[in-house]
Amino acid sequence: MTDKPSDREPEQISHVVVRFAGDSGDGMQLTGDRFTSASALFGNDLSTFPDYPAEIRAPAGTVNGVSSFQVHISDHDITTPGDVPDVLVAMNPAALKADLHRLDQHGLLIVNSDAFDERDLHKAGYDANPLLDDSLSQYRVVEIPMTSLTQKATEPLGVKSRDAERSKNFFALGVISWLYSRPIEPTVKWVESRFKDLVKESNLAAFRAGYNFGETSELFDHPYQVKPAPLPAGEYTNISGNVALAWGLVAAGQLAKLPVFLGSYPITPASDILHELSKHKHFGVRTVQAEDEIAAAGMALGAAFAGHLGVTTTSGPGVSLKGETLSLAVSLELPFLLVDIQRGGPSTGLPTKTEAADLNIAMYGRHAEAPLPIVAAYSPGNCFDAAIEAARIALKYRTPVILLSDGYLANGSEPWLLPDPSTLPDISVPFATETNHTAKDGTAEYWPYLRDPETLARPWAIPGTPGLMHRVGGIEKEDGTGNISYEPANHSAMVHLRAAKIAGIANDIPLAAIVGDEDAEVCVLGWGSTWAAIDAAVQITRRQGVKVAWIHLTHLNPLPRNLGEVLRKFKHILVPELNMGQLCRIVRAEFLVDAKPVTKVQGLPFTAAELEVAIKGVLASE
Amino acid sequence: MVPITSKKDWTSDQEVRWCPGCGDYGILLAVQMLMPDLGVAPENTVFVSGIGCSSRFPYYMNTYGMHSIHGRAPAIATGVAVARPDLDVWVITGDGDALSIGGNHLIHALRRNVNLTILLFNNQIYGLTKGQYSPTSEEGKVTKSTPMGSIDHPFNPLAVALGAEASFVARTHDLDRKHMMNTFRAAHAHRGASFVEILQNCNVFNDGAFDEVTGRTAREEKMIDLKHGEPIRFGVDGHSGVVMGSDGQLRIVEVADVGVEALLVHDAHRADPGLAFSLARLSHDNHSPTPFGIFRDVDRGDYGQMVGAQLAAASEKKGPGDLTALLRSNGTWQVG
């Protein structure tokens with residue numbers, strides 16, 4: 001490998017969006033992930049967007065089987081994976097067909113020309129080879145016979161040509177690594193640690209061959225360079241939302257001085273949290289893969305009763321199945337976390353695609369009056385803090401909490417400034433150890449529903465504590481004693497107490513803060529993963545001289561106590577959501593403000609351009 | 001130190017609210033009388049129930065308790081037992097709760113062998129909802145929801161438990177406190193999931209369902225008392241017995257016809273649950289000779305302890321969890 005710098009000087013560019021696309025079996029997620037890691041280690045700011053089908057192996061070579069990975073690397077602060085790719089790497093005709101429309105109109109198109117035979121073209125639905133007609137003329141097309149070059153490169157190792165094909169993604173990675181002047185060591189090291197024997201050698205040979213091909217083939221004028229971004233000083237790691245969330249739960253257990261108990265049933269895109277937490281048993285984390293979604297929630301609630309930080313993770317239909325357990329948790333007033341990695345729905349919907357349409361079920365999806373707090377993460381790294389915040393509220397107020405993330409955050413990644421663990425909040429709460437009431441006859445008693453006057457939380461006495469034995473259940477309880485009560489006035493009091501407890505949390509969360517221009521006419525109100533696109537759109541429009549204000553909510557129930565007052569200052573309120581306007585209806589109902597929804601339900605995140613248009617549109621409508 | 005307690009220590013201050021004459025009273029008394037014998041403390045004991053008449057049980061025990069969701073008690077109790085293997089966790093459930101809405105949780109708790117003592121009150125009827133047929137009701141049963149008779153084939157609770165390879169499976173009935181106490185004692189002593197079916201009379205909606213087997217006059221000829229290591233025989237002077245035919249089928253015979261040596265010797269500790277399953281299937285109705293006692297009692301690791309062992313092994317290998325190390329575990333870089 002040429003370890004010397006390229007003899008052609010790299011051109012400095014501020015950012016680039018690369019999209020790797022291929023068949024599900026082509027290893028595009030891995031390729032994208034390695035390019036991302038190398039870029040992260042190089043110091044770029046970045047944001048990723050893995051986009052893959054629900055089928056594990058859709059018929060090879062078809063458009064349905066295309067798996068893509070988009071990554072945006074930059075020398076400045078960015079939040080989105082980019083609206084429009086500058087580069088598309090298409091490993092076969094199906095990938096070209098699926099993703100070409102996304103590519104910048106003058107973008108660079110790199111194709112594996114070996115994959116464009118008649119059969120491949122037919123499977124992708126092409127009547128004619130687009131490489132041979134002028135249909136791609138607007139793009140800069142670079143054809144590379146990646147399959148055969150990989151075979152040639154690995155032949156001396158004794159790799160059979162069929163096996164060699166599996167390494168062609170490393171060839172593509174090599175080409176792109178050269179083109180964007182990525183350091184090669186991180187990838188080489190990673191391959192060496194991840195693979196063994198002939199597979200390792202074959203992947204390394206393909207990677208080197210691709211890198212050298214870029215250097216020597218002269219298909220490209222020169223390489224490019226994206227300088228490190230001036231991120232705040234500190235130690236960084238590249239993190240996905242699901243890993244951050246899992247680490248946040250581990251941290252929450254440490255900060256609460258409680259063992260973490262996860263009950264979970266495999267479901268896309270939440271399973272990675274189960275996988276990640278299962279690796280951390282040395283933190284005292286127990287994970288049980290339950291028989292179903294209901295049992296997963298039940299186990300976590302049982303563990304909470306026994307004094308653990310009980311967590312259940314799910315998505316889509318799993319959220320519906322956990323509803324009865326949430327209601328019981330509301331009634332039992334035990335700390336309990338439900339993590340919902342939202343995906344497209346209803347029903348199975350779009351399991352691998354993002355949506356944020358579970359706000360309604362989080363708010364209202366239980367029988368009867370069963371309010372609970374809702375926390376929403378807004379970026380991959382923020383999933384860490386959101387998990388700790390959700391646990392803090394659950395523990396302090398002895399309530400189930402729903403933590404909303406989504407598929408985009410779960411699988412997307414970004415550089416994350418490592419927090420200093422010593423600065424994380426202490427979220428521990430004491431268990432009850434003493435009786436708390438004196439009976440008329442002078443006997444000391446334990447009343448499980450005698451509340452803290454400030455938080456309205458009930459005491460949490462766990463099994464094993466002498467003298468505090470008590471029974472809890474789903475039947476309405478008498479205020480204070482917790483004994484079964486069917487008294488009308490008591491039920492009314494308990495419904496109001498449970499509601500007041502949740503409403504009171506508004507005094508314990510941050511006020512709504514305005515980003516941008518306080519004197520703007522338009523305020524964008526966001527929540528969850530729309531943060532990235534809103535951030536980009538607000539920056540763009542403000543740079544153009546348009547005044548824009550932005551409020552991003554991390555707590556959806558209760559809402560910040562100043563939110564109504566702040567929103568009423570603006571003439572226009574725009575609420576972009578990956579649903580049909582769920583938060584928008586809540587703020588309209590709560591605050592009687594004329595908020596307008598900006599909706600998108602395509603299984604895709606907003607682009608910055610879409611929100612830029614929406615912001616300008618509302619101002620132009622005057 | 002073995003805690004010294006009396007029945008009073010195990011009895012809560014709540015008024016028991018089952019129908020007068022309900023079989024549940026006898027079961028509650030048996031449990032409350034047994035607890036002082038077990039040498040355990042009320043604060044280390046948890047009763048978890050689902051929904052149904054029997055599921056009110058935890059309110060009457062002066063222990064930690066949870067009256068939970070219909071069918072979900074085995075799952076919730078699994079959470080308690082896996083989080084805290086130091087606790088004694090009992091599950092109180094009924095035929096509708098455990099075998100209908102909660103069937104999935106029951107078989108998986110048994111399969112995993114979670115350290116739970118599961119008492120299934122089987123009265124073959126839905127009592128709390130006022131008399132619909134249950135998953136253990138006999139075919140043809142006329143109830144409010146089956147005016148022309150039930151066409152559902154019933155579950156045999158013990159066969160379900162044995163099919164899930166439960167490590168402890170027993171049957172008792174609500175009219176014999178001593179038998180209940182002995183059965184519950186053995187179930188409690190077993191490490192892992194213990195499953196006990198209690199034939200329980202609902203005197204309002206299904207009165208006398210088991211009279212032809214457990215009634216005072218029927219018992220001697222209809223109840224087969226299983227004793228580990230002994231030939232299976234019953235009736236006055238043990239004139240009847242159980243043999244295995246050459247076709248593998250269990251049959252009831254007159255001992256005088258076949259000789260004592262031909263009788264099946266009960267082995268509760270057999271690794272294979274097949275024979276216990278056949279015994280559980282010996283009776284298909286509420287009037288034929290029916291085995292009682294411990295069908296199966298084998299050792300199979302306690303799930304909660306095994307979860308704990310993996311945690312301990314991980315700590316031994318990796319050292320105690322270190323948050324700073326975790327945050328750096330996927331590779332980091334320095335800026336500035």
# chains A, B, ... in the order shown; residues from 1 in each chain; ligands from 1
>>> closest_atom_pairs(of="chain A", to="chain B", cutoff="6 Å", atoms="only C-alpha atoms", output="CSV")
residue,atom,partner,partner_atom,distance
A:Leu41,CA,B:Trp333,CA,5.6
A:Ala233,CA,B:Gly336,CA,4.5
A:Gly234,CA,B:Val335,CA,5.3
A:Glu235,CA,B:Gln334,CA,4.5
A:Tyr236,CA,B:Thr332,CA,5.2
A:Thr237,CA,B:Thr332,CA,4.5
A:Lys281,CA,B:Leu311,CA,5.0
A:His282,CA,B:Ser315,CA,4.3
A:Phe283,CA,B:Gly321,CA,4.3
A:Ala295,CA,B:Ala75,CA,5.0
A:Gly298,CA,B:Ile76,CA,4.5
A:Met299,CA,B:Gly79,CA,3.8
A:Ala300,CA,B:Gly79,CA,5.8
A:Gly302,CA,B:Gly79,CA,4.4
A:Ala303,CA,B:Gly79,CA,4.5
A:Ala306,CA,B:Val80,CA,5.5
A:Pro463,CA,B:Glu43,CA,5.9
A:Gly464,CA,B:Asn44,CA,4.7
A:Thr465,CA,B:Glu43,CA,5.8
A:Pro466,CA,B:Glu43,CA,5.2
A:Met469,CA,B:Tyr64,CA,4.8
A:His470,CA,B:Tyr64,CA,5.0
A:Arg471,CA,B:Gly65,CA,4.4
A:Val472,CA,B:Met66,CA,4.9
A:Gly473,CA,B:His67,CA,4.2
A:Gly474,CA,B:Ser68,CA,5.9
>>> select_by_dssp(residues="range 224-300 of chain A", states="helix (DSSP H, G or I)", output="ChimeraX atom specification")
/A:241-256,271-278,281-283,293-300
>>> write_last_selection(atoms="C-alpha atoms", output="compact mmCIF listing (two decimals), in the first residue's frame")
# COMPACT_ATOMS: atom_id res chain seq x y z
CA GLY A 241 -28.69 6.31 19.48
CA ASN A 242 -29.35 2.77 20.63
CA VAL A 243 -25.87 2.34 22.08
CA ALA A 244 -26.10 5.75 23.76
CA LEU A 245 -29.47 4.81 25.19
CA ALA A 246 -28.19 1.49 26.50
CA TRP A 247 -25.17 3.22 28.05
CA GLY A 248 -27.51 5.82 29.51
CA LEU A 249 -29.44 3.04 31.21
CA VAL A 250 -26.22 1.53 32.58
CA ALA A 251 -25.24 4.98 33.82
CA ALA A 252 -28.71 5.53 35.31
CA GLY A 253 -28.32 2.33 37.30
CA GLN A 254 -24.94 3.51 38.59
CA LEU A 255 -26.23 6.99 39.40
CA ALA A 256 -29.30 5.55 41.13
CA SER A 271 -33.35 -5.02 19.77
CA ASP A 272 -29.90 -3.46 19.74
CA ILE A 273 -30.56 -2.05 23.22
CA LEU A 274 -31.20 -5.59 24.47
CA HIS A 275 -28.01 -6.74 22.72
CA GLU A 276 -25.95 -3.91 24.11
CA LEU A 277 -27.21 -4.22 27.68
CA SER A 278 -26.67 -7.98 27.59
CA LYS A 281 -23.54 -7.92 33.12
CA HIS A 282 -20.48 -6.80 35.09
CA PHE A 283 -22.43 -3.62 35.85
CA GLU A 293 -43.83 -8.04 24.92
CA ILE A 294 -46.31 -8.30 27.78
CA ALA A 295 -44.08 -10.54 29.85
CA ALA A 296 -41.10 -8.30 29.14
CA ALA A 297 -42.96 -5.38 30.67
CA GLY A 298 -44.30 -7.51 33.52
CA MET A 299 -40.86 -8.78 34.44
CA ALA A 300 -39.48 -5.26 34.52
>>> residues_around(residues="Asp299 in chain B", least_positions_apart="6", cutoff="8 Å", atoms="only C-alpha atoms", output="PyMOL selection string")
chain B and resi 167+191-192
>>> write_last_selection(atoms="N, CA and C atoms", output="PDB file, in the first residue's frame")
ATOM      1  N   SER B 167     -40.248 -28.682  36.665  1.00  0.00           N
ATOM      2  CA  SER B 167     -39.384 -29.564  37.462  1.00  0.00           C
ATOM      3  C   SER B 167     -40.076 -30.064  38.729  1.00  0.00           C
ATOM      4  N   ARG B 191     -36.212 -26.116  44.671  1.00  0.00           N
ATOM      5  CA  ARG B 191     -35.564 -24.932  44.097  1.00  0.00           C
ATOM      6  C   ARG B 191     -35.846 -24.906  42.594  1.00  0.00           C
ATOM      7  N   GLY B 192     -36.494 -23.887  42.128  1.00  0.00           N
ATOM      8  CA  GLY B 192     -36.940 -23.827  40.740  1.00  0.00           C
ATOM      9  C   GLY B 192     -38.444 -23.621  40.743  1.00  0.00           C
TER      10      GLY B 192
END
>>> residues_around(residues="range 600-614 of chain A", least_positions_apart="4", cutoff="6 Å", atoms="only C-alpha atoms", output="list in words")
Asp83, Gly344, Lys353, Thr354, Glu355, Ala533, Ala536, Ala537, Leu578 and Asn579 of chain A
>>> atom_distance(atom1="CA of Tyr180 in chain A", atom2="CA of Phe220 in chain A")
11.3 Å
>>> select_by_dssp(residues="range 135-172 of chain B", states="strand (DSSP E or B)", output="PyMOL selection string")
chain B and resi 143+146+168-172
>>> residues_around(residues="range 286-288 of chain A", least_positions_apart="5", cutoff="6 Å", atoms="only C-alpha atoms", output="ChimeraX atom specification")
/A:261-263,278
>>> write_last_selection(atoms="N, CA and C atoms", output="PDB file, in the first residue's frame")
ATOM      1  N   PHE A 261     -32.603  -3.807  35.488  1.00  0.00           N
ATOM      2  CA  PHE A 261     -33.261  -5.034  35.025  1.00  0.00           C
ATOM      3  C   PHE A 261     -33.982  -4.703  33.725  1.00  0.00           C
ATOM      4  N   LEU A 262     -33.561  -5.349  32.652  1.00  0.00           N
ATOM      5  CA  LEU A 262     -34.237  -5.142  31.373  1.00  0.00           C
ATOM      6  C   LEU A 262     -35.042  -6.378  31.012  1.00  0.00           C
ATOM      7  N   GLY A 263     -36.337  -6.202  30.818  1.00  0.00           N
ATOM      8  CA  GLY A 263     -37.180  -7.237  30.222  1.00  0.00           C
ATOM      9  C   GLY A 263     -37.480  -6.805  28.803  1.00  0.00           C
ATOM     10  N   SER A 278     -27.042  -6.610  27.247  1.00  0.00           N
ATOM     11  CA  SER A 278     -26.672  -7.984  27.590  1.00  0.00           C
ATOM     12  C   SER A 278     -25.157  -8.147  27.722  1.00  0.00           C
TER      13      SER A 278
END
>>> residues_around(residues="Thr541 in chain A", least_positions_apart="5", cutoff="9 Å", atoms="only C-alpha atoms", output="ChimeraX atom specification")
/A:536,546-548,612,615-616
>>> write_last_selection(atoms="N, CA and C atoms", output="mmCIF file, in the first residue's frame")
data_model
loop_
_atom_site.group_PDB
_atom_site.id
_atom_site.type_symbol
_atom_site.label_atom_id
_atom_site.label_comp_id
_atom_site.auth_asym_id
_atom_site.auth_seq_id
_atom_site.Cartn_x
_atom_site.Cartn_y
_atom_site.Cartn_z
ATOM 1 N N ALA A 536 -30.594 22.565 11.118
ATOM 2 C CA ALA A 536 -30.001 22.950 9.829
ATOM 3 C C ALA A 536 -30.873 24.001 9.140
ATOM 4 N N VAL A 546 -33.515 35.798 7.546
ATOM 5 C CA VAL A 546 -34.889 35.605 8.027
ATOM 6 C C VAL A 546 -34.835 35.360 9.535
ATOM 7 N N LYS A 547 -35.693 36.046 10.266
ATOM 8 C CA LYS A 547 -35.708 35.829 11.715
ATOM 9 C C LYS A 547 -36.547 34.598 12.048
ATOM 10 N N VAL A 548 -35.943 33.686 12.774
ATOM 11 C CA VAL A 548 -36.633 32.452 13.142
ATOM 12 C C VAL A 548 -36.324 32.118 14.600
ATOM 13 N N GLU A 612 -36.957 24.375 5.524
ATOM 14 C CA GLU A 612 -36.651 25.731 5.060
ATOM 15 C C GLU A 612 -37.844 26.255 4.245
ATOM 16 N N ILE A 615 -40.798 27.039 6.570
ATOM 17 C CA ILE A 615 -40.607 28.290 7.339
ATOM 18 C C ILE A 615 -40.868 29.503 6.439
ATOM 19 N N LYS A 616 -40.256 29.455 5.262
ATOM 20 C CA LYS A 616 -40.435 30.598 4.346
ATOM 21 C C LYS A 616 -41.871 30.680 3.859
#
>>> residues_around(residues="range 582-591 of chain A", least_positions_apart="4", cutoff="7 Å", atoms="only C-alpha atoms", output="number ranges by chain")
A: 359-360, 564, 575, 595-597
>>> write_last_selection(atoms="N, CA and C atoms", output="CSV table (one decimal), in the first residue's frame")
chain,number,residue,atom,x,y,z
A,359,LEU,N,-46.5,9.5,19.8
A,359,LEU,CA,-46.7,10.5,20.9
A,359,LEU,C,-48.2,10.3,21.4
A,360,ASN,N,-49.1,10.1,20.5
A,360,ASN,CA,-50.5,9.9,21.0
A,360,ASN,C,-50.6,8.7,21.9
A,564,GLY,N,-46.7,27.7,27.1
A,564,GLY,CA,-47.9,28.4,26.6
A,564,GLY,C,-47.6,29.9,26.4
A,575,VAL,N,-45.0,23.3,13.7
A,575,VAL,CA,-44.7,22.1,14.4
A,575,VAL,C,-44.3,21.0,13.4
A,595,ALA,N,-51.1,26.8,16.3
A,595,ALA,CA,-49.9,26.1,15.8
A,595,ALA,C,-50.3,25.4,14.5
A,596,LYS,N,-49.4,25.3,13.6
A,596,LYS,CA,-49.7,24.6,12.3
A,596,LYS,C,-48.7,23.4,12.1
A,597,PRO,N,-49.3,22.3,11.7
A,597,PRO,CA,-48.4,21.1,11.6
A,597,PRO,C,-47.6,21.1,10.3
>>> closest_residue(among="B:Asp237, B:Asp152, B:Glu221, B:Glu230", to="Val265 in chain B", atoms="only C-alpha atoms")
B:Glu230
